[in-house]
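This is final-v1.pdb. It holds PDB, C-alpha atoms and all ligand atoms.
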```pdb
ATOM      1  CA  MET A  26      -5.381 -73.299 -81.584
ATOM      2  CA  ARG A  27      -2.987 -72.894 -84.474
ATOM      3  CA  ILE A  28       0.212 -71.232 -83.330
ATOM      4  CA  ILE A  29       2.572 -69.559 -85.776
ATOM      5  CA  LYS A  30       5.912 -68.488 -84.359
ATOM      6  CA  THR A  31       7.786 -65.672 -86.040
ATOM      7  CA  ASN A  32      11.267 -64.277 -85.543
ATOM      8  CA  ASP A  33      10.100 -60.761 -84.824
ATOM      9  CA  VAL A  34       7.227 -58.298 -84.921
ATOM     10  CA  THR A  35       7.829 -57.445 -88.589
ATOM     11  CA  GLU A  36       7.346 -61.045 -89.624
ATOM     12  CA  MET A  37       4.332 -61.299 -87.295
ATOM     13  CA  SER A  38       2.730 -58.317 -89.034
ATOM     14  CA  ARG A  39       3.430 -59.692 -92.489
ATOM     15  CA  LYS A  40       1.995 -63.110 -91.687
ATOM     16  CA  ALA A  41      -1.107 -61.597 -90.109
ATOM     17  CA  ALA A  42      -1.536 -59.467 -93.235
ATOM     18  CA  ASN A  43      -1.233 -62.654 -95.325
ATOM     19  CA  ILE A  44      -4.188 -64.201 -93.516
ATOM     20  CA  ILE A  45      -6.323 -61.043 -93.721
ATOM     21  CA  SER A  46      -5.413 -60.674 -97.392
ATOM     22  CA  ALA A  47      -6.468 -64.249 -98.102
ATOM     23  CA  GLN A  48      -9.773 -63.579 -96.358
ATOM     24  CA  ILE A  49     -10.397 -60.454 -98.456
ATOM     25  CA  ILE A  50      -9.423 -62.170-101.717
ATOM     26  CA  LEU A  51     -11.451 -65.319-101.096
ATOM     27  CA  ASN A  52     -14.501 -63.400 -99.867
ATOM     28  CA  PRO A  53     -14.508 -59.789-101.072
ATOM     29  CA  LYS A  54     -17.684 -59.181 -99.047
ATOM     30  CA  SER A  55     -16.060 -60.204 -95.782
ATOM     31  CA  VAL A  56     -16.921 -58.613 -92.475
ATOM     32  CA  LEU A  57     -13.598 -57.956 -90.764
ATOM     33  CA  GLY A  58     -13.438 -57.454 -87.022
ATOM     34  CA  LEU A  59     -10.613 -55.013 -86.379
ATOM     35  CA  ALA A  60      -8.515 -54.022 -83.386
ATOM     36  CA  THR A  61      -6.530 -51.040 -82.178
ATOM     37  CA  GLY A  62      -3.456 -50.695 -79.967
ATOM     38  CA  GLY A  63       0.188 -50.998 -80.933
ATOM     39  CA  SER A  64       0.025 -54.618 -82.107
ATOM     40  CA  PRO A  65      -1.958 -54.226 -85.352
ATOM     41  CA  ILE A  66      -0.194 -51.123 -86.687
ATOM     42  CA  GLY A  67       2.389 -53.086 -88.708
ATOM     43  CA  THR A  68      -0.312 -55.371 -90.074
ATOM     44  CA  TYR A  69      -2.349 -52.375 -91.230
ATOM     45  CA  LYS A  70       0.745 -50.915 -92.913
ATOM     46  CA  GLU A  71       1.204 -54.190 -94.813
ATOM     47  CA  LEU A  72      -2.437 -54.189 -95.899
ATOM     48  CA  ILE A  73      -2.133 -50.595 -97.124
ATOM     49  CA  GLN A  74       0.953 -51.588 -99.097
ATOM     50  CA  ARG A  75      -0.869 -54.471-100.731
ATOM     51  CA  TYR A  76      -3.785 -52.177-101.596
ATOM     52  CA  LYS A  77      -1.357 -49.726-103.216
ATOM     53  CA  THR A  78       0.220 -52.446-105.333
ATOM     54  CA  GLY A  79      -3.249 -53.432-106.535
ATOM     55  CA  ASP A  80      -3.314 -56.768-104.729
ATOM     56  CA  LEU A  81      -6.180 -55.909-102.379
ATOM     57  CA  ASP A  82      -9.564 -54.320-102.926
ATOM     58  CA  PHE A  83     -11.516 -53.149 -99.882
ATOM     59  CA  SER A  84     -14.464 -51.682-101.804
ATOM     60  CA  THR A  85     -16.924 -54.374-100.735
ATOM     61  CA  ILE A  86     -15.468 -55.030 -97.289
ATOM     62  CA  THR A  87     -17.333 -54.200 -94.091
ATOM     63  CA  SER A  88     -15.524 -53.701 -90.800
ATOM     64  CA  VAL A  89     -16.564 -53.667 -87.170
ATOM     65  CA  ASN A  90     -14.174 -52.640 -84.417
ATOM     66  CA  LEU A  91     -13.788 -54.228 -81.036
ATOM     67  CA  ASP A  92     -14.059 -51.218 -78.793
ATOM     68  CA  GLU A  93     -14.085 -47.475 -78.192
ATOM     69  CA  TYR A  94     -13.483 -45.175 -75.262
ATOM     70  CA  LYS A  95     -16.690 -43.825 -73.779
ATOM     71  CA  GLY A  96     -16.889 -40.064 -74.130
ATOM     72  CA  LEU A  97     -14.450 -39.642 -77.031
ATOM     73  CA  SER A  98     -15.750 -38.559 -80.414
ATOM     74  CA  GLY A  99     -14.285 -39.799 -83.678
ATOM     75  CA  ASP A 100     -12.379 -36.582 -84.283
ATOM     76  CA  ASN A 101     -10.548 -36.848 -80.957
ATOM     77  CA  ASN A 102      -7.112 -38.129 -81.903
ATOM     78  CA  GLN A 103      -7.135 -40.601 -78.992
ATOM     79  CA  SER A 104     -10.369 -42.260 -80.073
ATOM     80  CA  TYR A 105     -10.281 -45.637 -81.720
ATOM     81  CA  ARG A 106     -12.353 -44.290 -84.629
ATOM     82  CA  TYR A 107      -9.591 -41.763 -85.263
ATOM     83  CA  PHE A 108      -6.961 -44.512 -84.959
ATOM     84  CA  MET A 109      -8.723 -46.677 -87.543
ATOM     85  CA  ASN A 110      -9.275 -43.798 -89.964
ATOM     86  CA  HIS A 111      -5.640 -42.753 -89.783
ATOM     87  CA  ASN A 112      -3.942 -46.158 -89.581
ATOM     88  CA  LEU A 113      -6.033 -47.926 -92.205
ATOM     89  CA  PHE A 114      -9.323 -46.626 -93.575
ATOM     90  CA  HIS A 115      -8.065 -43.365 -95.093
ATOM     91  CA  HIS A 116      -5.323 -45.233 -96.948
ATOM     92  CA  VAL A 117      -7.400 -47.929 -98.667
ATOM     93  CA  ASN A 118     -10.617 -47.944-100.714
ATOM     94  CA  ILE A 119     -12.947 -49.145 -97.960
ATOM     95  CA  HIS A 120     -16.172 -47.107 -97.857
ATOM     96  CA  LEU A 121     -16.228 -45.296 -94.521
ATOM     97  CA  GLU A 122     -19.977 -45.882 -94.262
ATOM     98  CA  ASN A 123     -19.187 -49.612 -94.152
ATOM     99  CA  THR A 124     -16.861 -49.213 -91.164
ATOM    100  CA  PHE A 125     -18.382 -49.469 -87.695
ATOM    101  CA  VAL A 126     -16.779 -48.562 -84.383
ATOM    102  CA  PRO A 127     -18.856 -48.341 -81.178
ATOM    103  CA  ASN A 128     -20.015 -44.746 -80.797
ATOM    104  CA  GLY A 129     -18.280 -43.334 -77.722
ATOM    105  CA  THR A 130     -20.360 -40.166 -77.806
ATOM    106  CA  ILE A 131     -23.621 -41.961 -76.997
ATOM    107  CA  GLU A 132     -24.078 -41.257 -73.307
ATOM    108  CA  ASP A 133     -26.699 -43.990 -72.853
ATOM    109  CA  ALA A 134     -24.470 -47.065 -72.549
ATOM    110  CA  THR A 135     -27.302 -49.568 -72.996
ATOM    111  CA  LYS A 136     -28.319 -47.932 -76.255
ATOM    112  CA  ALA A 137     -24.750 -47.544 -77.559
ATOM    113  CA  CYS A 138     -24.008 -51.206 -76.889
ATOM    114  CA  SER A 139     -27.237 -52.707 -78.162
ATOM    115  CA  ASP A 140     -27.021 -50.554 -81.337
ATOM    116  CA  PHE A 141     -23.547 -51.930 -81.956
ATOM    117  CA  GLU A 142     -24.431 -55.538 -81.220
ATOM    118  CA  ARG A 143     -27.396 -55.263 -83.602
ATOM    119  CA  LYS A 144     -25.159 -53.739 -86.268
ATOM    120  CA  ILE A 145     -22.876 -56.789 -86.147
ATOM    121  CA  GLU A 146     -25.894 -59.040 -86.642
ATOM    122  CA  VAL A 147     -27.290 -56.942 -89.493
ATOM    123  CA  VAL A 148     -24.019 -57.091 -91.432
ATOM    124  CA  GLY A 149     -24.066 -60.874 -91.079
ATOM    125  CA  GLY A 150     -21.639 -61.508 -88.229
ATOM    126  CA  ILE A 151     -17.863 -61.365 -88.225
ATOM    127  CA  ASP A 152     -15.921 -63.518 -90.690
ATOM    128  CA  LEU A 153     -12.450 -62.831 -89.294
ATOM    129  CA  GLN A 154     -11.733 -61.080 -86.000
ATOM    130  CA  LEU A 155      -8.281 -59.630 -85.401
ATOM    131  CA  LEU A 156      -7.247 -59.385 -81.739
ATOM    132  CA  GLY A 157      -4.357 -57.956 -79.768
ATOM    133  CA  LEU A 158      -3.718 -59.140 -76.234
ATOM    134  CA  GLY A 159      -3.725 -56.866 -73.194
ATOM    135  CA  HIS A 160      -1.014 -57.327 -70.582
ATOM    136  CA  ASN A 161      -3.614 -58.672 -68.165
ATOM    137  CA  GLY A 162      -5.072 -61.064 -70.743
ATOM    138  CA  HIS A 163      -7.858 -58.779 -71.910
ATOM    139  CA  ILE A 164      -9.251 -58.899 -75.424
ATOM    140  CA  GLY A 165     -11.074 -55.836 -76.688
ATOM    141  CA  PHE A 166     -11.624 -54.189 -73.322
ATOM    142  CA  ASN A 167     -12.891 -57.333 -71.603
ATOM    143  CA  GLU A 168     -10.977 -57.045 -68.383
ATOM    144  CA  PRO A 169     -10.276 -59.922 -65.970
ATOM    145  CA  SER A 170     -13.369 -60.580 -63.875
ATOM    146  CA  ASP A 171     -15.359 -63.340 -62.181
ATOM    147  CA  SER A 172     -17.415 -64.145 -65.265
ATOM    148  CA  PHE A 173     -17.199 -63.926 -69.042
ATOM    149  CA  SER A 174     -19.169 -61.078 -70.587
ATOM    150  CA  LYS A 175     -21.601 -61.897 -73.363
ATOM    151  CA  GLU A 176     -22.519 -58.977 -75.598
ATOM    152  CA  THR A 177     -21.196 -55.487 -76.255
ATOM    153  CA  HIS A 178     -21.202 -53.622 -72.957
ATOM    154  CA  CYS A 179     -19.711 -50.728 -71.034
ATOM    155  CA  VAL A 180     -16.648 -51.488 -68.910
ATOM    156  CA  GLU A 181     -14.716 -49.754 -66.169
ATOM    157  CA  LEU A 182     -11.082 -49.981 -67.227
ATOM    158  CA  THR A 183      -8.648 -51.460 -64.742
ATOM    159  CA  GLN A 184      -5.752 -49.371 -63.497
ATOM    160  CA  SER A 185      -3.304 -51.638 -65.330
ATOM    161  CA  THR A 186      -5.057 -50.986 -68.645
ATOM    162  CA  ILE A 187      -5.210 -47.260 -67.965
ATOM    163  CA  ASP A 188      -1.489 -47.340 -67.162
ATOM    164  CA  ALA A 189      -0.702 -49.369 -70.306
ATOM    165  CA  ASN A 190      -2.652 -46.933 -72.478
ATOM    166  CA  THR A 191      -1.239 -43.785 -70.879
ATOM    167  CA  ARG A 192       1.604 -43.873 -73.425
ATOM    168  CA  PHE A 193      -0.886 -42.746 -76.093
ATOM    169  CA  PHE A 194      -2.112 -39.783 -74.023
ATOM    170  CA  GLU A 195      -0.363 -36.718 -72.638
ATOM    171  CA  LYS A 196      -1.031 -37.712 -69.048
ATOM    172  CA  SER A 197      -2.704 -40.629 -67.311
ATOM    173  CA  GLU A 198      -5.622 -38.447 -66.096
ATOM    174  CA  ASP A 199      -6.566 -38.000 -69.765
ATOM    175  CA  VAL A 200      -7.177 -41.731 -70.305
ATOM    176  CA  PRO A 201     -10.937 -42.366 -70.219
ATOM    177  CA  LYS A 202     -12.033 -44.632 -67.385
ATOM    178  CA  GLN A 203     -14.793 -46.382 -69.306
ATOM    179  CA  ALA A 204     -15.148 -47.978 -72.706
ATOM    180  CA  TYR A 205     -17.669 -49.769 -74.878
ATOM    181  CA  THR A 206     -16.433 -53.176 -75.972
ATOM    182  CA  MET A 207     -17.655 -56.234 -77.811
ATOM    183  CA  GLY A 208     -18.318 -58.922 -75.225
ATOM    184  CA  ILE A 209     -16.486 -62.222 -75.017
ATOM    185  CA  GLY A 210     -19.658 -63.794 -76.432
ATOM    186  CA  THR A 211     -19.576 -61.396 -79.397
ATOM    187  CA  ILE A 212     -15.929 -62.216 -80.093
ATOM    188  CA  MET A 213     -16.486 -65.971 -79.754
ATOM    189  CA  LYS A 214     -19.215 -65.812 -82.428
ATOM    190  CA  ALA A 215     -16.658 -64.683 -85.036
ATOM    191  CA  ARG A 216     -16.137 -67.441 -87.610
ATOM    192  CA  LYS A 217     -12.357 -67.116 -87.448
ATOM    193  CA  ILE A 218     -10.089 -65.394 -84.965
ATOM    194  CA  LEU A 219      -6.555 -64.129 -85.523
ATOM    195  CA  VAL A 220      -4.516 -63.059 -82.488
ATOM    196  CA  ILE A 221      -1.236 -61.161 -82.809
ATOM    197  CA  VAL A 222       1.193 -60.870 -79.933
ATOM    198  CA  SER A 223       4.764 -59.640 -79.727
ATOM    199  CA  GLY A 224       7.407 -58.876 -77.144
ATOM    200  CA  GLU A 225       8.733 -60.401 -73.976
ATOM    201  CA  ALA A 226       6.411 -58.331 -71.794
ATOM    202  CA  LYS A 227       3.521 -60.501 -72.998
ATOM    203  CA  ALA A 228       5.291 -63.873 -72.618
ATOM    204  CA  ASP A 229       3.771 -64.759 -69.223
ATOM    205  CA  ILE A 230       0.238 -63.809 -70.126
ATOM    206  CA  LEU A 231       0.445 -65.536 -73.521
ATOM    207  CA  ALA A 232       1.540 -68.764 -71.822
ATOM    208  CA  GLN A 233      -1.502 -68.529 -69.545
ATOM    209  CA  VAL A 234      -3.776 -67.871 -72.527
ATOM    210  CA  ILE A 235      -2.495 -70.893 -74.453
ATOM    211  CA  GLN A 236      -1.686 -73.405 -71.726
ATOM    212  CA  GLY A 237      -3.381 -72.208 -68.570
ATOM    213  CA  PRO A 238      -6.878 -72.956 -67.308
ATOM    214  CA  ILE A 239      -9.838 -71.346 -69.051
ATOM    215  CA  THR A 240     -10.829 -68.618 -66.655
ATOM    216  CA  PRO A 241     -12.463 -65.176 -66.820
ATOM    217  CA  HIS A 242      -9.484 -63.947 -64.817
ATOM    218  CA  VAL A 243      -7.519 -64.412 -68.060
ATOM    219  CA  PRO A 244     -10.252 -63.418 -70.532
ATOM    220  CA  ALA A 245      -8.353 -64.517 -73.671
ATOM    221  CA  SER A 246      -8.071 -68.073 -72.283
ATOM    222  CA  ILE A 247     -11.644 -68.654 -73.542
ATOM    223  CA  LEU A 248     -10.166 -68.695 -77.050
ATOM    224  CA  GLN A 249      -9.009 -72.264 -76.320
ATOM    225  CA  LEU A 250     -12.657 -73.213 -76.880
ATOM    226  CA  HIS A 251     -13.030 -71.513 -80.266
ATOM    227  CA  HIS A 252     -12.864 -73.839 -83.276
ATOM    228  CA  ASP A 253     -10.770 -71.595 -85.529
ATOM    229  CA  VAL A 254      -8.134 -69.532 -83.753
ATOM    230  CA  THR A 255      -4.722 -68.667 -85.152
ATOM    231  CA  ILE A 256      -2.167 -67.035 -82.897
ATOM    232  CA  ILE A 257       0.765 -65.365 -84.610
ATOM    233  CA  ALA A 258       3.395 -64.418 -82.065
ATOM    234  CA  ASP A 259       7.056 -63.616 -82.145
ATOM    235  CA  ALA A 260       9.686 -65.725 -80.419
ATOM    236  CA  ALA A 261       9.905 -63.330 -77.459
ATOM    237  CA  ALA A 262       6.156 -63.522 -76.770
ATOM    238  CA  LEU A 263       6.226 -67.323 -77.118
ATOM    239  CA  SER A 264       9.301 -67.746 -74.924
ATOM    240  CA  LYS A 265       7.275 -69.151 -71.999
ATOM    241  CA  VAL A 266       5.158 -71.519 -74.081
ATOM    242  CA  THR A 267       6.299 -75.099 -74.548
ATOM    243  CA  LEU A 268       5.333 -75.881 -78.139
TER
HETATM  244  C1  LIG B   1      -6.046 -51.931 -75.716
HETATM  245  C2  LIG B   1      -7.154 -52.392 -76.658
HETATM  246  C3  LIG B   1      -7.025 -53.850 -76.982
HETATM  247  C4  LIG B   1      -5.604 -54.172 -77.348
HETATM  248  C5  LIG B   1      -4.744 -53.978 -76.129
HETATM  249  C6  LIG B   1      -3.295 -54.339 -76.361
HETATM  250  O1  LIG B   1      -6.422 -51.921 -74.388
HETATM  251  N1  LIG B   1      -8.465 -52.129 -76.173
HETATM  252  O2  LIG B   1      -7.923 -54.188 -78.022
HETATM  253  O3  LIG B   1      -5.494 -55.481 -77.805
HETATM  254  O4  LIG B   1      -4.823 -52.616 -75.750
HETATM  255  O5  LIG B   1      -2.631 -53.260 -76.910
HETATM  256  P1  LIG B   1      -1.195 -53.294 -77.525
HETATM  257  O6  LIG B   1      -1.345 -53.981 -78.829
HETATM  258  O7  LIG B   1      -0.851 -51.836 -77.703
HETATM  259  O8  LIG B   1      -0.326 -53.988 -76.566
END
```

For the file at hand, write its structure as structure tokens.
Amino acid sequence: MRIIKTNDVTEMSRKAANIISAQIILNPKSVLGLATGGSPIGTYKELIQRYKTGDLDFSTITSVNLDEYKGLSGDNNQSYRYFMNHNLFHHVNIHLENTFVPNGTIEDATKACSDFERKIEVVGGIDLQLLGLGHNGHIGFNEPSDSFSKETHCVELTQSTIDANTRFFEKSEDVPKQAYTMGIGTIMKARKILVIVSGEAKADILAQVIQGPITPHVPASILQLHHDVTIIADAAALSKVTL
């Protein structure tokens, strides 16, 4: 694991954008794996800025997103499709038909998940996967459990994740209880992985991810086994890691 320590979240976002920019410039046909949540917002803003200055071209980029709430359609402003459209896609020249987010409106979970897994294969696999880190160590929506999940699947969200995501909804009852997410196996197949983490609230879990045992009870700990992982984290998030 390559660990890059930054002073704050602004620097974290800029450095993450540097790596994604390099990926896009070196391979304009890249398949980017993208994430939602609070962590990537600053990185997406940086990418939009670089597109506006003419430094980035997304016209031949494909994207696949980690996860989506089951039951929410893309025009629901809490869906991850909506998040991606409004925080990135609508502000750059990516072709929307080349952007893929699991379809939360497909009721048949097996079909929704196998369609999505196949889509990732058809586009050639993920060149660079961006990840945030959940407070319980989840990546995508792969919650702590007794085993690592393999492919895209439907999950029951834990109460801690529902609580953490309530801030985006009017009330906690509005947070969907299930989601479709890439599996740990899907994520591990990405050629490169970039994790962004900020804030003291994630210091304990980040230390477990980097220095603790590899266990499905801390899903992101599996990243220790990936051959090309970069973690960009601010000093607060890295405060419990001995570098
Ligand atoms: C959500 C998403 C994850 C994300 C996590 C952390 O549950 N499904 O992909 O990484 O939250 O979010 P945040 O960056 O807001 O802390």

Can you list every residue of chain A that has an atom at most 10 Å from ligand LIG 1 (chain B), with its nearest atom pair and the distance in Å to one decimal, using all atoms listed in the file, ordered by chain then number, as JSON lines?
```
{"residue": "A:Leu59", "atom": "CA", "partner": "B:LIG1", "partner_atom": "O2", "distance": 8.8}
{"residue": "A:Ala60", "atom": "CA", "partner": "B:LIG1", "partner_atom": "O2", "distance": 5.4}
{"residue": "A:Thr61", "atom": "CA", "partner": "B:LIG1", "partner_atom": "O2", "distance": 5.4}
{"residue": "A:Gly62", "atom": "CA", "partner": "B:LIG1", "partner_atom": "O7", "distance": 3.6}
{"residue": "A:Gly63", "atom": "CA", "partner": "B:LIG1", "partner_atom": "O7", "distance": 3.5}
{"residue": "A:Ser64", "atom": "CA", "partner": "B:LIG1", "partner_atom": "O6", "distance": 3.6}
{"residue": "A:Pro65", "atom": "CA", "partner": "B:LIG1", "partner_atom": "O6", "distance": 6.6}
{"residue": "A:Ile66", "atom": "CA", "partner": "B:LIG1", "partner_atom": "O6", "distance": 8.4}
{"residue": "A:Asn90", "atom": "CA", "partner": "B:LIG1", "partner_atom": "O2", "distance": 9.1}
{"residue": "A:Leu91", "atom": "CA", "partner": "B:LIG1", "partner_atom": "O2", "distance": 6.6}
{"residue": "A:Asp92", "atom": "CA", "partner": "B:LIG1", "partner_atom": "N1", "distance": 6.2}
{"residue": "A:Glu93", "atom": "CA", "partner": "B:LIG1", "partner_atom": "N1", "distance": 7.6}
{"residue": "A:Tyr94", "atom": "CA", "partner": "B:LIG1", "partner_atom": "N1", "distance": 8.6}
{"residue": "A:Tyr105", "atom": "CA", "partner": "B:LIG1", "partner_atom": "N1", "distance": 8.7}
{"residue": "A:Leu155", "atom": "CA", "partner": "B:LIG1", "partner_atom": "O3", "distance": 9.1}
{"residue": "A:Leu156", "atom": "CA", "partner": "B:LIG1", "partner_atom": "O3", "distance": 5.8}
{"residue": "A:Gly157", "atom": "CA", "partner": "B:LIG1", "partner_atom": "O3", "distance": 3.4}
{"residue": "A:Leu158", "atom": "CA", "partner": "B:LIG1", "partner_atom": "O3", "distance": 4.4}
{"residue": "A:Gly159", "atom": "CA", "partner": "B:LIG1", "partner_atom": "C6", "distance": 4.1}
{"residue": "A:His160", "atom": "CA", "partner": "B:LIG1", "partner_atom": "O8", "distance": 6.9}
{"residue": "A:Asn161", "atom": "CA", "partner": "B:LIG1", "partner_atom": "C6", "distance": 9.3}
{"residue": "A:Gly162", "atom": "CA", "partner": "B:LIG1", "partner_atom": "C5", "distance": 8.9}
{"residue": "A:His163", "atom": "CA", "partner": "B:LIG1", "partner_atom": "C5", "distance": 7.1}
{"residue": "A:Ile164", "atom": "CA", "partner": "B:LIG1", "partner_atom": "O2", "distance": 5.5}
{"residue": "A:Gly165", "atom": "CA", "partner": "B:LIG1", "partner_atom": "O2", "distance": 3.8}
{"residue": "A:Phe166", "atom": "CA", "partner": "B:LIG1", "partner_atom": "N1", "distance": 4.7}
{"residue": "A:Asn167", "atom": "CA", "partner": "B:LIG1", "partner_atom": "N1", "distance": 8.2}
{"residue": "A:Glu168", "atom": "CA", "partner": "B:LIG1", "partner_atom": "O1", "distance": 9.1}
{"residue": "A:Leu182", "atom": "CA", "partner": "B:LIG1", "partner_atom": "O1", "distance": 8.8}
{"residue": "A:Thr183", "atom": "CA", "partner": "B:LIG1", "partner_atom": "O1", "distance": 9.9}
{"residue": "A:Ser185", "atom": "CA", "partner": "B:LIG1", "partner_atom": "O1", "distance": 9.6}
{"residue": "A:Thr186", "atom": "CA", "partner": "B:LIG1", "partner_atom": "O1", "distance": 6.0}
{"residue": "A:Ile187", "atom": "CA", "partner": "B:LIG1", "partner_atom": "O1", "distance": 8.0}
{"residue": "A:Asp188", "atom": "CA", "partner": "B:LIG1", "partner_atom": "O1", "distance": 9.9}
{"residue": "A:Ala189", "atom": "CA", "partner": "B:LIG1", "partner_atom": "O1", "distance": 7.5}
{"residue": "A:Asn190", "atom": "CA", "partner": "B:LIG1", "partner_atom": "O1", "distance": 6.5}
{"residue": "A:Arg192", "atom": "CA", "partner": "B:LIG1", "partner_atom": "O7", "distance": 9.4}
{"residue": "A:Phe193", "atom": "CA", "partner": "B:LIG1", "partner_atom": "O7", "distance": 9.2}
{"residue": "A:Ala204", "atom": "CA", "partner": "B:LIG1", "partner_atom": "N1", "distance": 8.6}
{"residue": "A:Tyr205", "atom": "CA", "partner": "B:LIG1", "partner_atom": "N1", "distance": 9.6}
{"residue": "A:Thr206", "atom": "CA", "partner": "B:LIG1", "partner_atom": "N1", "distance": 8.0}
{"residue": "A:Met207", "atom": "CA", "partner": "B:LIG1", "partner_atom": "O2", "distance": 9.9}
{"residue": "A:Val220", "atom": "CA", "partner": "B:LIG1", "partner_atom": "O3", "distance": 9.0}
{"residue": "A:Ile221", "atom": "CA", "partner": "B:LIG1", "partner_atom": "O6", "distance": 8.2}
{"residue": "A:Val222", "atom": "CA", "partner": "B:LIG1", "partner_atom": "O6", "distance": 7.4}
{"residue": "A:Ser223", "atom": "CA", "partner": "B:LIG1", "partner_atom": "O8", "distance": 8.2}
{"residue": "A:Gly224", "atom": "CA", "partner": "B:LIG1", "partner_atom": "O8", "distance": 9.2}
{"residue": "A:Ala226", "atom": "CA", "partner": "B:LIG1", "partner_atom": "O8", "distance": 9.3}
{"residue": "A:Lys227", "atom": "CA", "partner": "B:LIG1", "partner_atom": "O8", "distance": 8.4}
```

Expanded to explicit residues, what is the PyMOL selection byres (((chain A and resi 73) around 12) and not hetatm) for this file, as a PyMOL selection string? chain A and resi 39+42+45-46+66-72+74-83+111-119

Go ahead and write the residues just picked, C-alpha atoms, as an mmCIF file, in the coordinates of the input.
```cif
data_model
loop_
_atom_site.group_PDB
_atom_site.id
_atom_site.type_symbol
_atom_site.label_atom_id
_atom_site.label_comp_id
_atom_site.auth_asym_id
_atom_site.auth_seq_id
_atom_site.Cartn_x
_atom_site.Cartn_y
_atom_site.Cartn_z
ATOM 1 C CA ARG A 39 3.430 -59.692 -92.489
ATOM 2 C CA ALA A 42 -1.536 -59.467 -93.235
ATOM 3 C CA ILE A 45 -6.323 -61.043 -93.721
ATOM 4 C CA SER A 46 -5.413 -60.674 -97.392
ATOM 5 C CA ILE A 66 -0.194 -51.123 -86.687
ATOM 6 C CA GLY A 67 2.389 -53.086 -88.708
ATOM 7 C CA THR A 68 -0.312 -55.371 -90.074
ATOM 8 C CA TYR A 69 -2.349 -52.375 -91.230
ATOM 9 C CA LYS A 70 0.745 -50.915 -92.913
ATOM 10 C CA GLU A 71 1.204 -54.190 -94.813
ATOM 11 C CA LEU A 72 -2.437 -54.189 -95.899
ATOM 12 C CA GLN A 74 0.953 -51.588 -99.097
ATOM 13 C CA ARG A 75 -0.869 -54.471 -100.731
ATOM 14 C CA TYR A 76 -3.785 -52.177 -101.596
ATOM 15 C CA LYS A 77 -1.357 -49.726 -103.216
ATOM 16 C CA THR A 78 0.220 -52.446 -105.333
ATOM 17 C CA GLY A 79 -3.249 -53.432 -106.535
ATOM 18 C CA ASP A 80 -3.314 -56.768 -104.729
ATOM 19 C CA LEU A 81 -6.180 -55.909 -102.379
ATOM 20 C CA ASP A 82 -9.564 -54.320 -102.926
ATOM 21 C CA PHE A 83 -11.516 -53.149 -99.882
ATOM 22 C CA HIS A 111 -5.640 -42.753 -89.783
ATOM 23 C CA ASN A 112 -3.942 -46.158 -89.581
ATOM 24 C CA LEU A 113 -6.033 -47.926 -92.205
ATOM 25 C CA PHE A 114 -9.323 -46.626 -93.575
ATOM 26 C CA HIS A 115 -8.065 -43.365 -95.093
ATOM 27 C CA HIS A 116 -5.323 -45.233 -96.948
ATOM 28 C CA VAL A 117 -7.400 -47.929 -98.667
ATOM 29 C CA ASN A 118 -10.617 -47.944 -100.714
ATOM 30 C CA ILE A 119 -12.947 -49.145 -97.960
#
```

Convert the output of the PyMOL selection byres (((chain A and resi 253) around 7) and not hetatm) on the shown file into explicit residues, formatted as JSON, numbers by chain. {"A": [26, 217, 218, 251, 252, 254, 255]}

Write to file, as an mmCIF file, in the coordinates of the input, the residues of the selection just made, with C-alpha atoms.
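Resulting contents of selection.cif:
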```cif
data_model
loop_
_atom_site.group_PDB
_atom_site.id
_atom_site.type_symbol
_atom_site.label_atom_id
_atom_site.label_comp_id
_atom_site.auth_asym_id
_atom_site.auth_seq_id
_atom_site.Cartn_x
_atom_site.Cartn_y
_atom_site.Cartn_z
ATOM 1 C CA MET A 26 -5.381 -73.299 -81.584
ATOM 2 C CA LYS A 217 -12.357 -67.116 -87.448
ATOM 3 C CA ILE A 218 -10.089 -65.394 -84.965
ATOM 4 C CA HIS A 251 -13.030 -71.513 -80.266
ATOM 5 C CA HIS A 252 -12.864 -73.839 -83.276
ATOM 6 C CA VAL A 254 -8.134 -69.532 -83.753
ATOM 7 C CA THR A 255 -4.722 -68.667 -85.152
#
```

Please, what distance in Å, to one decimal, runs between CA of Leu57 (chain A) and CA of Ile86 (chain A)?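 Computed distance, CA of Leu57 (chain A) to CA of Ile86 (chain A), equals 7.4 Å.
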
Counting all atoms listed in the file, which residues sit no farther than 10 Å from the position (-11.1, -41.0, -67.3) in the file's frame? I'd like them as a PyMOL selection string. chain A and resi 94-96+181-182+187+197-204

Selected residue, from A:Thr267, A:Ser172, A:Ser88, A:Ser139, that lies nearest to Ile239 (chain A) when counting all atoms listed in the file: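 Among the listed residues, the smallest separation from Ile239 (chain A) belongs to A:Ser172.
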
Dump of region 69-85 of chain A from preceding block, C-alpha atoms, as a JSON list (two decimals), in the first residue's frame:
```json
[["chain", "number", "residue", "atom", "x", "y", "z"],
["A", 69, "TYR", "CA", -14.89, 15.74, -8.42],
["A", 70, "LYS", "CA", -14.82, 19.53, -8.11],
["A", 71, "GLU", "CA", -11.10, 19.49, -8.96],
["A", 72, "LEU", "CA", -11.71, 17.27, -11.98],
["A", 73, "ILE", "CA", -14.47, 19.59, -13.21],
["A", 74, "GLN", "CA", -12.09, 22.52, -12.84],
["A", 75, "ARG", "CA", -9.43, 20.77, -14.87],
["A", 76, "TYR", "CA", -11.99, 19.92, -17.56],
["A", 77, "LYS", "CA", -13.02, 23.59, -17.71],
["A", 78, "THR", "CA", -9.43, 24.74, -18.15],
["A", 79, "GLY", "CA", -9.07, 22.29, -21.04],
["A", 80, "ASP", "CA", -6.67, 19.97, -19.23],
["A", 81, "LEU", "CA", -9.00, 16.96, -19.15],
["A", 82, "ASP", "CA", -11.16, 15.31, -21.78],
["A", 83, "PHE", "CA", -13.75, 12.78, -20.64],
["A", 84, "SER", "CA", -15.23, 12.10, -24.09],
["A", 85, "THR", "CA", -13.81, 8.58, -24.37]]
```
